[in-house]
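Here the structure comes first, spelled out in structure tokens, and everything after it is commentary.
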Amino acid sequence: GGIGAALARRFAVEGARVVVNDLDPVKAKAVADEIGGIAVPGDASTIVAEARDALGGTVDVYCANAGVGSGGTEAAEEKVWELAWDVNVMAHVRAAHALLPAWLERGSGRFVSTVSAAGLLTMIGAAPYSVTKHGAYAFAEWLSLTYRHRGLKVHAICPQGVRTDMLTAAGSAGELVLAPTAIDPEDVADALLRGIEEDRFLILPHPEVAEYYQARAADPDRWLTNMNRVQQKWEATP
């Protein structure tokens, strides 16, 4: 669903043979049937071998798109933190571990990491999500700097609000921060294809995120003060 379905549809339009993955086999099959793809349901980080077999032995592009939008503060239960870490970070690590030997041997491969603007900035009311999305971005950076001379292409997609179930689940914080500039999943897919054509690592479906990221780096205290004002505004929301 959401960004994952949009990416699957767009790659199919571009002529790719697509494996569609979801924990829900019914959802995976529905999208696969729609685009003429192959459904491989299950944990996204464990299906690389099955996907490779379904595609005849080769995966050219892997989209690490599974994610959970865990809200809460430092007081969130440890199981919430563990799930966010497992899905938002370790699923990417496991998939890369399975993919890299073949990619490095042949000298080519493309790893697409759906991160979030929260991985560059942060998100109010969502400590587990923000922290683990920072981790996902850091892992994508590390992959790129470590293996780009060996043919690995890495792309980190960092949108703000996208009109998906995850935005709805973000509640009042999402309504305040993300909803006003939210885009459709298809816009994210378009941004990725442009980024691939231009061979860019960092893909920003919301271009203004670049300015926020620069401001954060140039003057962290000013940026944190401004974000704290957003936090206070959210706390005052009825």
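Labels for the structure tokens follow display order: chains A, B, ..., residues from 1 in each chain, ligands from 1.
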
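Residues within 7 Å of region 86-89 of chain A, counting only C-alpha atoms and excluding same-chain residues fewer than 2 positions away, are Ala66, Gly67, Val68, Glu82, Leu83, Ala84, Ala91, His92, Val93, Thr132, Lys133, Gly135 and Ala136 of chain A.
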
May I have the selected residues written with N, CA, C and O atoms, as a JSON list (two decimals), in the first residue's frame?
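Result went into again_4.json, see below:
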[["chain", "number", "residue", "atom", "x", "y", "z"],
["A", 66, "ALA", "N", 9.47, -0.99, 3.68],
["A", 66, "ALA", "CA", 8.68, -1.31, 4.87],
["A", 66, "ALA", "C", 9.03, -0.35, 6.01],
["A", 66, "ALA", "O", 10.20, -0.01, 6.21],
["A", 67, "GLY", "N", 8.03, 0.09, 6.73],
["A", 67, "GLY", "CA", 8.29, 1.01, 7.84],
["A", 67, "GLY", "C", 7.12, 1.05, 8.80],
["A", 67, "GLY", "O", 5.99, 0.70, 8.45],
["A", 68, "VAL", "N", 7.39, 1.47, 10.03],
["A", 68, "VAL", "CA", 6.34, 1.67, 11.02],
["A", 68, "VAL", "C", 6.49, 3.08, 11.58],
["A", 68, "VAL", "O", 7.59, 3.55, 11.86],
["A", 82, "GLU", "N", 11.63, -1.46, 20.06],
["A", 82, "GLU", "CA", 12.21, -2.64, 19.40],
["A", 82, "GLU", "C", 11.60, -2.85, 18.02],
["A", 82, "GLU", "O", 12.32, -3.17, 17.06],
["A", 83, "LEU", "N", 10.29, -2.68, 17.89],
["A", 83, "LEU", "CA", 9.64, -2.85, 16.59],
["A", 83, "LEU", "C", 10.12, -1.79, 15.61],
["A", 83, "LEU", "O", 10.42, -2.09, 14.44],
["A", 84, "ALA", "N", 10.20, -0.54, 16.07],
["A", 84, "ALA", "CA", 10.66, 0.55, 15.20],
["A", 84, "ALA", "C", 12.09, 0.28, 14.72],
["A", 84, "ALA", "O", 12.41, 0.47, 13.53],
["A", 91, "ALA", "N", 15.61, -4.20, 9.10],
["A", 91, "ALA", "CA", 15.11, -4.80, 7.86],
["A", 91, "ALA", "C", 15.97, -4.37, 6.68],
["A", 91, "ALA", "O", 16.24, -5.17, 5.77],
["A", 92, "HIS", "N", 16.46, -3.13, 6.69],
["A", 92, "HIS", "CA", 17.34, -2.64, 5.63],
["A", 92, "HIS", "C", 18.69, -3.35, 5.71],
["A", 92, "HIS", "O", 19.27, -3.74, 4.69],
["A", 93, "VAL", "N", 19.18, -3.51, 6.93],
["A", 93, "VAL", "CA", 20.48, -4.17, 7.12],
["A", 93, "VAL", "C", 20.42, -5.61, 6.63],
["A", 93, "VAL", "O", 21.31, -6.09, 5.91],
["A", 132, "THR", "N", 14.80, 6.08, 14.72],
["A", 132, "THR", "CA", 15.11, 4.97, 13.82],
["A", 132, "THR", "C", 15.19, 5.41, 12.37],
["A", 132, "THR", "O", 15.95, 4.82, 11.58],
["A", 133, "LYS", "N", 14.47, 6.45, 11.99],
["A", 133, "LYS", "CA", 14.61, 6.96, 10.63],
["A", 133, "LYS", "C", 15.97, 7.65, 10.45],
["A", 133, "LYS", "O", 16.55, 7.61, 9.37],
["A", 135, "GLY", "N", 18.54, 6.45, 11.86],
["A", 135, "GLY", "CA", 19.36, 5.26, 11.67],
["A", 135, "GLY", "C", 19.27, 4.73, 10.25],
["A", 135, "GLY", "O", 20.28, 4.31, 9.67],
["A", 136, "ALA", "N", 18.07, 4.72, 9.68],
["A", 136, "ALA", "CA", 17.90, 4.25, 8.31],
["A", 136, "ALA", "C", 18.68, 5.12, 7.33],
["A", 136, "ALA", "O", 19.33, 4.62, 6.40]]

task: List the neighbours of Val115 (chain A) out to 9 Å using only C-alpha atoms; skip same-chain residues closer than 4 positions along the sequence, and give me the result as a list in words.
output: Ala64, Asn65, Gly67, Asn88, Gly119, Leu120, Lys133, His134, Ala136, Tyr137, Ala140, Ala156, Ile157, Cys158 and Pro159 of chain A

message: Set the distance at 6 Å and use only C-alpha atoms: which residues neighbour Pro41 (chain A) once local chain neighbours fewer than 6 positions away are removed? I'd like the list as an NGL selection string.
response: :A and (21-23 or 25)

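For the residues A:Ile35, A:Ala170, A:Ala96, A:Ala49, ranking by smallest atom-to-atom distance to Glu14 (chain A) using only C-alpha atoms places A:Ile35 first.
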
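Coordinates place CA of Leu204 (chain A) at a distance of 11.9 Å from CA of Ile183 (chain A).
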
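One finds CA of Ala39 (chain A) at 24.3 Å from CA of Val162 (chain A).
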
message: I need the strand (DSSP E) residues of region 91-153 of chain A per DSSP on the backbone, written as a list in words.
response: Gly109, Arg110, Phe111, Val112, Ser113, Thr114, Leu152 and Lys153 of chain A

Region 221-235 of chain A: which residues within 12 Å, counting only C-alpha atoms, same-chain residues fewer than 4 positions away excluded, as a tab-separated table (two decimals) with all heavy atoms, in the first residue's frame?
chain	number	residue	atom	x	y	z
A	121	LEU	N	15.60	15.51	9.76
A	121	LEU	CA	15.19	16.56	10.69
A	121	LEU	C	14.73	15.88	11.99
A	121	LEU	O	15.53	15.43	12.78
A	121	LEU	CB	14.08	17.40	10.06
A	121	LEU	CG	14.43	17.97	8.67
A	121	LEU	CD1	13.20	18.56	8.00
A	121	LEU	CD2	15.54	19.01	8.78
A	122	THR	N	13.45	15.79	12.20
A	122	THR	CA	12.84	15.03	13.30
A	122	THR	C	11.35	15.13	13.12
A	122	THR	O	10.86	15.79	12.20
A	122	THR	CB	13.29	15.56	14.68
A	122	THR	OG1	12.96	14.59	15.68
A	122	THR	CG2	12.66	16.88	15.00
A	123	MET	N	10.59	14.49	14.00
A	123	MET	CA	9.14	14.60	13.98
A	123	MET	C	8.64	14.72	15.40
A	123	MET	O	8.98	13.89	16.25
A	123	MET	CB	8.52	13.38	13.29
A	123	MET	CG	6.99	13.38	13.29
A	123	MET	SD	6.30	14.85	12.46
A	123	MET	CE	4.56	14.70	12.92
A	124	ILE	N	7.86	15.76	15.68
A	124	ILE	CA	7.32	15.93	17.02
A	124	ILE	C	6.43	14.74	17.37
A	124	ILE	O	5.78	14.15	16.52
A	124	ILE	CB	6.53	17.25	17.15
A	124	ILE	CG1	5.33	17.27	16.21
A	124	ILE	CG2	7.44	18.45	16.92
A	124	ILE	CD1	4.37	18.43	16.45
A	125	GLY	N	6.43	14.38	18.65
A	125	GLY	CA	5.53	13.35	19.14
A	125	GLY	C	5.87	11.94	18.72
A	125	GLY	O	5.09	11.02	18.94
A	126	ALA	N	7.04	11.73	18.12
A	126	ALA	CA	7.35	10.40	17.58
A	126	ALA	C	8.84	10.11	17.76
A	126	ALA	O	9.59	10.05	16.79
A	126	ALA	CB	6.96	10.32	16.12
A	171	GLY	N	-1.98	11.19	13.60
A	171	GLY	CA	-2.89	11.95	14.45
A	171	GLY	C	-2.71	13.46	14.36
A	171	GLY	O	-2.40	14.01	13.31
A	172	SER	N	-2.88	14.13	15.49
A	172	SER	CA	-2.87	15.59	15.51
A	172	SER	C	-1.50	16.16	15.15
A	172	SER	O	-1.40	17.24	14.56
A	172	SER	CB	-3.31	16.11	16.87
A	172	SER	OG	-2.47	15.63	17.91
A	173	ALA	N	-0.41	15.45	15.50
A	173	ALA	CA	0.92	15.92	15.12
A	173	ALA	C	1.07	15.91	13.61
A	173	ALA	O	1.63	16.85	13.01
A	173	ALA	CB	1.99	15.04	15.76
A	174	GLY	N	0.58	14.86	12.98
A	174	GLY	CA	0.63	14.79	11.52
A	174	GLY	C	-0.23	15.86	10.87
A	174	GLY	O	0.16	16.45	9.86
A	175	GLU	N	-1.40	16.11	11.46
A	175	GLU	CA	-2.28	17.15	10.94
A	175	GLU	C	-1.61	18.52	10.99
A	175	GLU	O	-1.75	19.33	10.06
A	175	GLU	CB	-3.59	17.18	11.73
A	175	GLU	CG	-4.56	16.08	11.39
A	175	GLU	CD	-5.09	16.19	9.98
A	175	GLU	OE1	-5.39	17.32	9.54
A	175	GLU	OE2	-5.18	15.16	9.29
A	176	LEU	N	-0.87	18.78	12.06
A	176	LEU	CA	-0.23	20.07	12.24
A	176	LEU	C	0.99	20.24	11.33
A	176	LEU	O	1.14	21.26	10.65
A	176	LEU	CB	0.19	20.25	13.70
A	176	LEU	CG	0.99	21.53	14.03
A	176	LEU	CD1	0.15	22.77	13.79
A	176	LEU	CD2	1.49	21.48	15.47
A	177	VAL	N	1.85	19.23	11.31
A	177	VAL	CA	3.15	19.37	10.66
A	177	VAL	C	3.17	18.87	9.22
A	177	VAL	O	3.80	19.48	8.35
A	177	VAL	CB	4.24	18.63	11.48
A	177	VAL	CG1	5.59	18.71	10.80
A	177	VAL	CG2	4.33	19.21	12.89
A	178	LEU	N	2.48	17.76	8.96
A	178	LEU	CA	2.64	17.08	7.68
A	178	LEU	C	1.50	17.29	6.69
A	178	LEU	O	1.75	17.42	5.48
A	178	LEU	CB	2.79	15.56	7.94
A	178	LEU	CG	3.92	15.15	8.87
A	178	LEU	CD1	3.88	13.65	9.11
A	178	LEU	CD2	5.27	15.56	8.28
A	211	GLU	N	16.27	23.11	2.42
A	211	GLU	CA	16.50	24.35	3.16
A	211	GLU	C	16.45	24.09	4.67
A	211	GLU	O	17.26	24.63	5.42
A	211	GLU	CB	15.45	25.39	2.77
A	211	GLU	CG	15.49	25.79	1.30
A	211	GLU	CD	14.38	26.76	0.96
A	211	GLU	OE1	13.76	27.32	1.89
A	211	GLU	OE2	14.13	26.95	-0.25
A	212	TYR	N	15.50	23.26	5.11
A	212	TYR	CA	15.40	22.95	6.53
A	212	TYR	C	16.65	22.21	7.01
A	212	TYR	O	17.17	22.48	8.11
A	212	TYR	CB	14.17	22.10	6.81
A	212	TYR	CG	12.86	22.67	6.34
A	212	TYR	CD1	11.79	21.83	6.03
A	212	TYR	CD2	12.67	24.04	6.21
A	212	TYR	CE1	10.58	22.34	5.60
A	212	TYR	CE2	11.45	24.56	5.78
A	212	TYR	CZ	10.42	23.71	5.47
A	212	TYR	OH	9.22	24.20	5.04
A	213	TYR	N	17.12	21.31	6.19
A	213	TYR	CA	18.30	20.50	6.53
A	213	TYR	C	19.54	21.39	6.64
A	213	TYR	O	20.36	21.24	7.55
A	213	TYR	CB	18.48	19.43	5.47
A	213	TYR	CG	19.47	18.33	5.79
A	213	TYR	CD1	19.59	17.81	7.07
A	213	TYR	CD2	20.26	17.79	4.78
A	213	TYR	CE1	20.48	16.79	7.35
A	213	TYR	CE2	21.16	16.76	5.05
A	213	TYR	CZ	21.26	16.27	6.33
A	213	TYR	OH	22.15	15.25	6.59
A	214	GLN	N	19.66	22.33	5.72
A	214	GLN	CA	20.79	23.27	5.75
A	214	GLN	C	20.69	24.17	6.99
A	214	GLN	O	21.71	24.43	7.65
A	214	GLN	CB	20.80	24.11	4.48
A	214	GLN	CG	21.18	23.32	3.23
A	214	GLN	CD	20.96	24.12	1.95
A	214	GLN	OE1	20.33	25.17	1.94
A	214	GLN	NE2	21.49	23.60	0.85
A	215	ALA	N	19.50	24.64	7.30
A	215	ALA	CA	19.32	25.49	8.48
A	215	ALA	C	19.66	24.74	9.76
A	215	ALA	O	20.28	25.29	10.68
A	215	ALA	CB	17.89	26.01	8.53
A	216	ARG	N	19.26	23.48	9.82
A	216	ARG	CA	19.57	22.65	10.98
A	216	ARG	C	21.06	22.51	11.18
A	216	ARG	O	21.57	22.59	12.31
A	216	ARG	CB	18.91	21.28	10.81
A	216	ARG	CG	19.25	20.25	11.86
A	216	ARG	CD	18.50	18.95	11.52
A	216	ARG	NE	18.82	17.88	12.44
A	216	ARG	CZ	19.80	17.00	12.26
A	216	ARG	NH1	20.56	17.07	11.17
A	216	ARG	NH2	20.02	16.04	13.14
A	217	ALA	N	21.78	22.29	10.08
A	217	ALA	CA	23.23	22.11	10.17
A	217	ALA	C	23.95	23.42	10.49
A	217	ALA	O	24.93	23.43	11.25
A	217	ALA	CB	23.76	21.53	8.87

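Atom pair CA of Ala102 (chain A) / CA of Ile203 (chain A): separated by 25.5 Å.
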
- prompt: How would you write, as JSON, numbers by chain, the set of residues in region 31-172 of chain A that DSSP gives as alpha helix (DSSP H)?
  reply: {"A": [31, 32, 33, 34, 35, 48, 49, 50, 51, 52, 53, 54, 78, 79, 80, 81, 82, 83, 84, 85, 91, 92, 93, 94, 95, 96, 97, 98, 99, 100, 101, 102, 103, 104, 105, 106, 127, 128, 129, 130, 131, 132, 133, 134, 135, 136, 137, 138, 139, 140, 141, 142, 143, 144, 145, 146, 147, 165, 166, 167, 168, 169, 171, 172]}

- request: Do a neighbour search on region 78-81 of chain A at 9 Å with only C-alpha atoms, toss out local chain neighbours closer than 6 positions, and write the hits as an MDAnalysis selection string.
  value: chainID A and resid 70:72 127:129 132

Selection file, N, CA, C and O atoms, as a PDB file, in the first residue's frame:
ATOM      1  N   SER A  70       6.031   4.627  14.479  1.00  0.00           N
ATOM      2  CA  SER A  70       5.840   4.542  15.931  1.00  0.00           C
ATOM      3  C   SER A  70       5.911   5.908  16.597  1.00  0.00           C
ATOM      4  O   SER A  70       6.932   6.598  16.523  1.00  0.00           O
ATOM      5  N   GLY A  71       4.825   6.281  17.267  1.00  0.00           N
ATOM      6  CA  GLY A  71       4.812   7.527  18.022  1.00  0.00           C
ATOM      7  C   GLY A  71       5.250   7.300  19.458  1.00  0.00           C
ATOM      8  O   GLY A  71       5.604   6.191  19.853  1.00  0.00           O
ATOM      9  N   GLY A  72       5.226   8.370  20.228  1.00  0.00           N
ATOM     10  CA  GLY A  72       5.571   8.261  21.638  1.00  0.00           C
ATOM     11  C   GLY A  72       6.834   9.025  21.995  1.00  0.00           C
ATOM     12  O   GLY A  72       7.547   9.525  21.129  1.00  0.00           O
ATOM     13  N   ALA A 127       9.257   9.894  19.006  1.00  0.00           N
ATOM     14  CA  ALA A 127      10.671   9.624  19.262  1.00  0.00           C
ATOM     15  C   ALA A 127      11.142   8.323  18.605  1.00  0.00           C
ATOM     16  O   ALA A 127      12.174   8.320  17.932  1.00  0.00           O
ATOM     17  N   PRO A 128      10.436   7.185  18.753  1.00  0.00           N
ATOM     18  CA  PRO A 128      10.928   5.959  18.120  1.00  0.00           C
ATOM     19  C   PRO A 128      11.041   6.086  16.606  1.00  0.00           C
ATOM     20  O   PRO A 128      12.012   5.602  16.006  1.00  0.00           O
ATOM     21  N   TYR A 129      10.072   6.722  15.995  1.00  0.00           N
ATOM     22  CA  TYR A 129      10.097   6.905  14.537  1.00  0.00           C
ATOM     23  C   TYR A 129      11.256   7.793  14.127  1.00  0.00           C
ATOM     24  O   TYR A 129      12.033   7.454  13.226  1.00  0.00           O
ATOM     25  N   THR A 132      14.800   6.082  14.718  1.00  0.00           N
ATOM     26  CA  THR A 132      15.115   4.974  13.817  1.00  0.00           C
ATOM     27  C   THR A 132      15.192   5.415  12.367  1.00  0.00           C
ATOM     28  O   THR A 132      15.950   4.824  11.583  1.00  0.00           O
TER      29      THR A 132
END

Name all residues at most 9 Å from Leu152 (chain A) (count only C-alpha atoms; drop same-chain ones fewer than 5 positions away) and give them as a compact mmCIF listing (two decimals) with all heavy atoms, in the first residue's frame.
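In the end it all went to around-v9.txt:
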# COMPACT_ATOMS: atom_id res chain seq x y z
N LEU A 100 24.05 -7.89 -1.18
CA LEU A 100 25.37 -7.35 -1.56
C LEU A 100 26.35 -8.36 -2.15
O LEU A 100 27.07 -8.00 -3.09
CB LEU A 100 25.99 -6.63 -0.37
CG LEU A 100 25.50 -5.19 -0.20
CD1 LEU A 100 25.87 -4.64 1.16
CD2 LEU A 100 26.07 -4.29 -1.29
N TRP A 103 25.62 -8.50 -5.83
CA TRP A 103 25.81 -7.19 -6.46
C TRP A 103 27.28 -6.84 -6.58
O TRP A 103 27.73 -6.35 -7.62
CB TRP A 103 25.07 -6.14 -5.65
CG TRP A 103 23.58 -6.10 -5.89
CD1 TRP A 103 22.88 -6.81 -6.83
CD2 TRP A 103 22.63 -5.31 -5.18
NE1 TRP A 103 21.55 -6.52 -6.74
CE2 TRP A 103 21.36 -5.60 -5.74
CE3 TRP A 103 22.71 -4.40 -4.14
CZ2 TRP A 103 20.18 -4.99 -5.28
CZ3 TRP A 103 21.56 -3.81 -3.68
CH2 TRP A 103 20.30 -4.08 -4.24
N LEU A 104 28.03 -7.06 -5.52
CA LEU A 104 29.46 -6.71 -5.56
C LEU A 104 30.23 -7.62 -6.52
O LEU A 104 31.17 -7.18 -7.18
CB LEU A 104 30.05 -6.79 -4.16
CG LEU A 104 29.47 -5.80 -3.13
CD1 LEU A 104 30.10 -6.02 -1.77
CD2 LEU A 104 29.63 -4.36 -3.58
N GLY A 107 29.29 -6.23 -9.88
CA GLY A 107 29.65 -4.82 -10.03
C GLY A 107 28.50 -3.88 -10.29
O GLY A 107 28.70 -2.77 -10.78
N SER A 108 27.27 -4.28 -9.90
CA SER A 108 26.12 -3.38 -10.06
C SER A 108 24.97 -3.84 -9.18
O SER A 108 24.83 -5.02 -8.87
CB SER A 108 25.65 -3.34 -11.52
OG SER A 108 25.12 -4.59 -11.92
N GLY A 109 24.16 -2.87 -8.77
CA GLY A 109 22.99 -3.10 -7.94
C GLY A 109 22.49 -1.76 -7.44
O GLY A 109 23.24 -0.79 -7.37
N ARG A 110 21.20 -1.71 -7.10
CA ARG A 110 20.61 -0.43 -6.68
C ARG A 110 19.73 -0.67 -5.46
O ARG A 110 18.79 -1.46 -5.50
CB ARG A 110 19.78 0.14 -7.84
CG ARG A 110 19.43 1.60 -7.68
CD ARG A 110 18.68 2.13 -8.91
NE ARG A 110 19.48 2.10 -10.11
CZ ARG A 110 20.30 3.08 -10.51
NH1 ARG A 110 20.42 4.17 -9.77
NH2 ARG A 110 20.97 2.98 -11.65
N PHE A 111 20.05 0.02 -4.37
CA PHE A 111 19.34 -0.11 -3.10
C PHE A 111 18.60 1.19 -2.83
O PHE A 111 19.21 2.25 -2.69
CB PHE A 111 20.33 -0.39 -1.97
CG PHE A 111 19.70 -0.82 -0.67
CD1 PHE A 111 19.53 -2.17 -0.38
CD2 PHE A 111 19.31 0.11 0.28
CE1 PHE A 111 18.97 -2.59 0.82
CE2 PHE A 111 18.75 -0.29 1.49
CZ PHE A 111 18.58 -1.65 1.76
N LEU A 143 26.20 2.66 3.27
CA LEU A 143 26.25 1.78 2.10
C LEU A 143 26.83 2.51 0.89
O LEU A 143 27.68 1.98 0.17
CB LEU A 143 24.85 1.28 1.75
CG LEU A 143 24.24 0.16 2.58
CD1 LEU A 143 22.83 -0.12 2.08
CD2 LEU A 143 25.09 -1.10 2.53
N SER A 144 26.37 3.73 0.68
CA SER A 144 26.80 4.48 -0.50
C SER A 144 28.28 4.81 -0.46
O SER A 144 29.01 4.60 -1.44
CB SER A 144 25.98 5.77 -0.64
OG SER A 144 26.33 6.46 -1.81
N THR A 146 30.59 3.36 1.19
CA THR A 146 31.43 2.17 1.28
C THR A 146 31.55 1.43 -0.04
O THR A 146 32.62 0.91 -0.38
CB THR A 146 30.88 1.21 2.35
OG1 THR A 146 30.83 1.90 3.61
CG2 THR A 146 31.76 -0.03 2.51
N TYR A 147 30.46 1.39 -0.82
CA TYR A 147 30.44 0.52 -1.99
C TYR A 147 30.21 1.21 -3.33
O TYR A 147 30.12 0.53 -4.35
CB TYR A 147 29.36 -0.55 -1.81
CG TYR A 147 29.60 -1.47 -0.63
CD1 TYR A 147 28.73 -1.49 0.46
CD2 TYR A 147 30.69 -2.34 -0.62
CE1 TYR A 147 28.94 -2.33 1.53
CE2 TYR A 147 30.92 -3.19 0.46
CZ TYR A 147 30.04 -3.18 1.52
OH TYR A 147 30.25 -4.03 2.58

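If only C-alpha atoms are the atoms counted, then among A:Arg200, A:Gly195, A:Arg52, A:Arg9 the closest residue to Asp33 (chain A) is A:Arg9.
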
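Closest approach to Pro185 (chain A) from the set A:Ala210, A:Ala76, A:Val13, A:Leu7 is made by A:Leu7, with distances taken over only C-alpha atoms.
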
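Residue nearest Ser130 (chain A), chosen from A:Ala95, A:Ala218, A:Trp85, A:Glu197 and counting only C-alpha atoms: A:Trp85.
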
- request: Point out the residue among A:Thr46, A:Lys153, A:Ala179, A:Cys63 with the least atom-to-atom distance to Met90 (chain A), counting only C-alpha atoms.
  value: A:Thr46
